[in-house]
Amino acid sequence: MERFKFLAKNKINNLPKTSGVYAFKNANELIYIGKAQNIKDRVKNHFSQPSYRDNLFIDKVSRVGYFETNSEIEALILEASLIKKYQPKYNVVWRDDKNYFYVAIAQNNQKIPYVCI
């Protein structure tokens with residue numbers, strides 16, 4: 001958690017519009033970690049248009065943390081490692097060691113989707 005800069009949940013308008021990793025924290029632990037191309041927009045989306053999964057934890061959030069990265073791919077890799085490290089309750093898929101994470105990098109500027117298994 002030493003990497004995150006935390007704000008009160010009512011201060012999300014102060015989040016940066018850069019790529020990075022964000023975290024939702026309740027009173028004493030990280031409960032969700034995510035990545036974003038635009039941290040501010042993504043976090044606002046959790047609160048303004050909550051999905052079924054968001055509704056499980058969004059009312060428990062007291063603080064929002066963020067860590068800016070230089071690229072979306074850096075955010076993706078950092079997100080995976082932080083989920084493994086902190087084991088947030090609502091990040092079910094990446095918490096265990098049964099799923100392996102990898103990124104494919106294309107040559108000649110070809111666009112390919114992120115590949116996660």
# chains A, B, ... in the order shown; residues from 1 in each chain; ligands from 1
>>> residues_around(residues="segment 72-75 of chain A", least_positions_apart="4", cutoff="10 Å", atoms="only C-alpha atoms", output="short mmCIF file (atom, residue, chain, number, x, y, z; two decimals) with all heavy atoms, in the first residue's frame")
data_model
loop_
_atom_site.label_atom_id
_atom_site.label_comp_id
_atom_site.auth_asym_id
_atom_site.auth_seq_id
_atom_site.Cartn_x
_atom_site.Cartn_y
_atom_site.Cartn_z
N THR A 18 -4.63 10.02 -15.90
CA THR A 18 -3.54 9.28 -16.51
C THR A 18 -3.76 7.78 -16.32
O THR A 18 -4.63 7.37 -15.56
CB THR A 18 -2.19 9.67 -15.88
OG1 THR A 18 -2.26 9.39 -14.48
CG2 THR A 18 -1.88 11.12 -16.10
N SER A 19 -2.95 6.98 -16.98
CA SER A 19 -3.05 5.53 -16.78
C SER A 19 -2.45 5.18 -15.43
O SER A 19 -1.61 5.90 -14.88
CB SER A 19 -2.32 4.79 -17.90
OG SER A 19 -0.95 5.10 -17.88
N GLY A 20 -2.92 4.06 -14.89
CA GLY A 20 -2.40 3.63 -13.62
C GLY A 20 -3.26 2.57 -12.96
O GLY A 20 -4.14 1.99 -13.58
N VAL A 21 -2.98 2.35 -11.70
CA VAL A 21 -3.68 1.37 -10.89
C VAL A 21 -4.41 2.13 -9.78
O VAL A 21 -3.89 3.10 -9.25
CB VAL A 21 -2.69 0.35 -10.28
CG1 VAL A 21 -3.38 -0.62 -9.37
CG2 VAL A 21 -1.96 -0.38 -11.39
N TYR A 22 -5.63 1.69 -9.49
CA TYR A 22 -6.39 2.29 -8.40
C TYR A 22 -6.79 1.20 -7.42
O TYR A 22 -6.80 0.02 -7.75
CB TYR A 22 -7.62 3.04 -8.93
CG TYR A 22 -8.60 2.16 -9.67
CD1 TYR A 22 -9.66 1.56 -9.00
CD2 TYR A 22 -8.45 1.91 -11.03
CE1 TYR A 22 -10.55 0.74 -9.68
CE2 TYR A 22 -9.33 1.08 -11.70
CZ TYR A 22 -10.38 0.50 -11.02
OH TYR A 22 -11.26 -0.32 -11.69
N GLY A 34 -7.79 -2.24 -9.32
CA GLY A 34 -8.08 -2.24 -10.75
C GLY A 34 -7.06 -1.41 -11.50
O GLY A 34 -6.26 -0.68 -10.91
N LYS A 35 -7.10 -1.49 -12.82
CA LYS A 35 -6.21 -0.69 -13.67
C LYS A 35 -7.07 0.16 -14.57
O LYS A 35 -8.24 -0.13 -14.79
CB LYS A 35 -5.30 -1.59 -14.49
CG LYS A 35 -6.06 -2.53 -15.40
CD LYS A 35 -5.44 -2.64 -16.74
CE LYS A 35 -6.16 -3.65 -17.60
NZ LYS A 35 -7.56 -3.36 -17.84
N ALA A 36 -6.48 1.23 -15.08
CA ALA A 36 -7.25 2.13 -15.94
C ALA A 36 -6.33 2.89 -16.87
O ALA A 36 -5.19 3.21 -16.53
CB ALA A 36 -8.03 3.12 -15.09
N GLN A 37 -6.87 3.20 -18.03
CA GLN A 37 -6.18 4.09 -18.96
C GLN A 37 -6.35 5.52 -18.46
O GLN A 37 -5.46 6.36 -18.63
CB GLN A 37 -6.76 3.93 -20.35
CG GLN A 37 -5.99 4.64 -21.41
CD GLN A 37 -6.50 4.28 -22.80
OE1 GLN A 37 -7.49 3.57 -22.98
NE2 GLN A 37 -5.82 4.78 -23.81
N ASN A 38 -7.47 5.80 -17.84
CA ASN A 38 -7.78 7.10 -17.24
C ASN A 38 -8.34 6.81 -15.85
O ASN A 38 -9.50 6.43 -15.71
CB ASN A 38 -8.79 7.84 -18.11
CG ASN A 38 -9.16 9.20 -17.58
OD1 ASN A 38 -9.30 9.41 -16.37
ND2 ASN A 38 -9.36 10.14 -18.47
N PHE A 67 -2.03 4.91 -8.17
CA PHE A 67 -0.61 4.93 -8.48
C PHE A 67 -0.51 5.14 -9.98
O PHE A 67 -1.00 4.31 -10.75
CB PHE A 67 0.07 3.62 -8.07
CG PHE A 67 1.54 3.61 -8.33
CD1 PHE A 67 2.41 4.25 -7.47
CD2 PHE A 67 2.07 3.00 -9.45
CE1 PHE A 67 3.78 4.27 -7.71
CE2 PHE A 67 3.42 3.00 -9.70
CZ PHE A 67 4.28 3.64 -8.83
N GLU A 68 0.07 6.24 -10.41
CA GLU A 68 0.19 6.55 -11.84
C GLU A 68 1.30 5.72 -12.47
O GLU A 68 2.32 5.46 -11.85
CB GLU A 68 0.47 8.04 -12.04
CG GLU A 68 -0.67 8.92 -11.59
CD GLU A 68 -0.35 10.39 -11.76
OE1 GLU A 68 -0.49 10.88 -12.90
OE2 GLU A 68 0.03 11.02 -10.76
N GLU A 79 -1.05 -4.09 -11.79
CA GLU A 79 -2.31 -4.56 -11.19
C GLU A 79 -2.21 -6.04 -10.84
O GLU A 79 -2.56 -6.45 -9.72
CB GLU A 79 -3.46 -4.34 -12.17
CG GLU A 79 -4.78 -4.91 -11.67
CD GLU A 79 -5.79 -5.13 -12.77
OE1 GLU A 79 -5.41 -5.38 -13.92
OE2 GLU A 79 -6.99 -5.08 -12.45
N ALA A 80 -1.73 -6.85 -11.76
CA ALA A 80 -1.63 -8.29 -11.51
C ALA A 80 -0.73 -8.59 -10.32
O ALA A 80 -1.07 -9.42 -9.47
CB ALA A 80 -1.12 -9.00 -12.76
N SER A 81 0.40 -7.91 -10.23
CA SER A 81 1.33 -8.19 -9.12
C SER A 81 0.77 -7.69 -7.78
O SER A 81 0.95 -8.35 -6.76
CB SER A 81 2.70 -7.60 -9.40
OG SER A 81 2.65 -6.21 -9.42
N VAL A 103 1.58 -11.25 -21.17
CA VAL A 103 1.25 -10.21 -22.13
C VAL A 103 1.96 -10.55 -23.43
O VAL A 103 3.14 -10.89 -23.43
CB VAL A 103 1.72 -8.82 -21.63
CG1 VAL A 103 1.45 -7.77 -22.67
CG2 VAL A 103 1.06 -8.48 -20.32
N TYR A 114 -4.96 -7.92 -25.35
CA TYR A 114 -4.23 -8.46 -24.21
C TYR A 114 -4.62 -9.92 -24.08
O TYR A 114 -5.76 -10.30 -24.27
CB TYR A 114 -4.60 -7.74 -22.92
CG TYR A 114 -4.17 -6.31 -22.87
CD1 TYR A 114 -5.10 -5.30 -22.64
CD2 TYR A 114 -2.85 -5.96 -23.04
CE1 TYR A 114 -4.72 -3.99 -22.59
CE2 TYR A 114 -2.45 -4.64 -23.01
CZ TYR A 114 -3.39 -3.67 -22.77
OH TYR A 114 -3.01 -2.37 -22.73
#
>>> closest_residue(among="A:Asn45, A:Phe57, A:Gly65, A:Lys40", to="Leu7 of chain A", atoms="only C-alpha atoms")
A:Gly65
>>> residues_around(residues="Phe24 of chain A", least_positions_apart="2", cutoff="6 Å", atoms="only C-alpha atoms", output="number ranges by chain")
A: 30-32, 61, 64
>>> atom_distance(atom1="atom CA of Lys25 of chain A", atom2="atom CA of Ile83 of chain A")
13.3 Å
>>> residues_around(residues="Lys44 of chain A", least_positions_apart="3", cutoff="12 Å", atoms="only C-alpha atoms", output="short mmCIF file (atom, residue, chain, number, x, y, z; two decimals) with N, CA, C and O atoms, in the first residue's frame")
data_model
loop_
_atom_site.label_atom_id
_atom_site.label_comp_id
_atom_site.auth_asym_id
_atom_site.auth_seq_id
_atom_site.Cartn_x
_atom_site.Cartn_y
_atom_site.Cartn_z
N LYS A 9 -13.14 9.14 -0.35
CA LYS A 9 -14.02 8.73 -1.45
C LYS A 9 -14.75 9.91 -2.08
O LYS A 9 -15.02 9.91 -3.27
N ASN A 10 -15.03 10.96 -1.31
CA ASN A 10 -15.74 12.13 -1.86
C ASN A 10 -14.81 13.09 -2.61
O ASN A 10 -15.24 14.11 -3.11
N LYS A 11 -13.53 12.74 -2.75
CA LYS A 11 -12.55 13.58 -3.45
C LYS A 11 -12.11 12.97 -4.78
O LYS A 11 -11.05 13.30 -5.30
N ILE A 12 -12.92 12.09 -5.37
CA ILE A 12 -12.50 11.41 -6.60
C ILE A 12 -12.32 12.36 -7.78
O ILE A 12 -11.65 12.02 -8.74
N ASN A 13 -12.88 13.56 -7.70
CA ASN A 13 -12.65 14.53 -8.77
C ASN A 13 -11.19 15.00 -8.80
O ASN A 13 -10.76 15.60 -9.78
N ASN A 14 -10.44 14.73 -7.75
CA ASN A 14 -9.02 15.11 -7.69
C ASN A 14 -8.09 14.02 -8.24
O ASN A 14 -6.88 14.19 -8.24
N LEU A 15 -8.66 12.91 -8.69
CA LEU A 15 -7.83 11.83 -9.25
C LEU A 15 -7.24 12.26 -10.60
O LEU A 15 -7.85 13.05 -11.32
N PRO A 16 -6.09 11.73 -10.96
CA PRO A 16 -5.47 12.09 -12.24
C PRO A 16 -6.17 11.42 -13.42
O PRO A 16 -6.82 10.38 -13.27
N LYS A 17 -6.00 12.02 -14.59
CA LYS A 17 -6.56 11.46 -15.83
C LYS A 17 -5.50 10.71 -16.61
O LYS A 17 -5.46 10.75 -17.82
N TYR A 22 -5.63 1.69 -9.49
CA TYR A 22 -6.39 2.29 -8.40
C TYR A 22 -6.79 1.20 -7.42
O TYR A 22 -6.80 0.02 -7.75
N ALA A 36 -6.48 1.23 -15.08
CA ALA A 36 -7.25 2.13 -15.94
C ALA A 36 -6.33 2.89 -16.87
O ALA A 36 -5.19 3.21 -16.53
N ASN A 38 -7.47 5.80 -17.84
CA ASN A 38 -7.78 7.10 -17.24
C ASN A 38 -8.34 6.81 -15.85
O ASN A 38 -9.50 6.43 -15.71
N ILE A 39 -7.53 6.98 -14.81
CA ILE A 39 -7.91 6.61 -13.45
C ILE A 39 -9.19 7.33 -13.01
O ILE A 39 -10.11 6.70 -12.50
N LYS A 40 -9.24 8.62 -13.22
CA LYS A 40 -10.39 9.41 -12.76
C LYS A 40 -11.69 8.90 -13.38
O LYS A 40 -12.67 8.66 -12.66
N ASP A 41 -11.71 8.73 -14.69
CA ASP A 41 -12.93 8.27 -15.36
C ASP A 41 -13.34 6.88 -14.92
O ASP A 41 -14.52 6.59 -14.73
N PHE A 47 -18.62 4.29 -9.34
CA PHE A 47 -19.60 4.90 -8.45
C PHE A 47 -20.87 5.34 -9.17
O PHE A 47 -21.95 5.29 -8.60
N SER A 48 -20.76 5.78 -10.42
CA SER A 48 -21.94 6.32 -11.11
C SER A 48 -22.74 5.25 -11.85
O SER A 48 -23.95 5.39 -12.01
N GLN A 49 -22.08 4.20 -12.34
CA GLN A 49 -22.77 3.12 -13.05
C GLN A 49 -22.29 1.78 -12.51
O GLN A 49 -21.66 1.00 -13.23
N PRO A 50 -22.59 1.49 -11.24
CA PRO A 50 -22.06 0.27 -10.65
C PRO A 50 -22.62 -0.99 -11.31
O PRO A 50 -23.81 -1.07 -11.61
N ASP A 54 -19.73 -4.48 -8.60
CA ASP A 54 -19.44 -3.23 -7.87
C ASP A 54 -20.38 -3.06 -6.69
O ASP A 54 -19.98 -2.58 -5.63
N ILE A 58 -19.04 -1.42 -3.24
CA ILE A 58 -18.91 0.02 -3.42
C ILE A 58 -19.33 0.81 -2.18
O ILE A 58 -18.75 1.84 -1.86
N VAL A 64 -9.98 5.99 -1.72
CA VAL A 64 -9.57 5.54 -3.04
C VAL A 64 -8.09 5.87 -3.20
O VAL A 64 -7.68 7.01 -3.00
#
>>> select_by_dssp(residues="segment 22-61 of chain A", states="helix (DSSP H, G or I)", output="list in words")
Ile39, Lys40, Asp41, Arg42, Val43, Lys44, Asn45, His46, Phe47, Ser48, Tyr52, Arg53, Asp54, Asn55, Leu56, Phe57, Ile58, Asp59 and Lys60 of chain A
>>> atom_distance(atom1="atom CA of Ser51 of chain A", atom2="atom CA of Asn70 of chain A")
27.9 Å
>>> closest_residue(among="A:Ala23, A:Ser62, A:Phe4, A:Leu56", to="Arg42 of chain A", atoms="only C-alpha atoms")
A:Ala23
>>> closest_residue(among="A:Asn28, A:Lys5, A:Tyr52, A:Tyr66", to="Leu78 of chain A", atoms="only C-alpha atoms")
A:Tyr66
>>> atom_distance(atom1="atom CA of Thr69 of chain A", atom2="atom CA of Ala27 of chain A")
25.7 Å
>>> select_by_dssp(residues="segment 17-75 of chain A", states="strand (DSSP E or B)", output="list in words")
Gly20, Val21, Tyr22, Ala23, Phe24, Lys25, Leu30, Ile31, Tyr32, Ile33, Gly34, Lys35, Ala36, Arg63, Val64, Gly65, Tyr66, Phe67 and Glu68 of chain A
>>> closest_residue(among="A:Pro88, A:Ile77, A:Asn26, A:Phe6", to="Lys60 of chain A", atoms="only C-alpha atoms")
A:Asn26
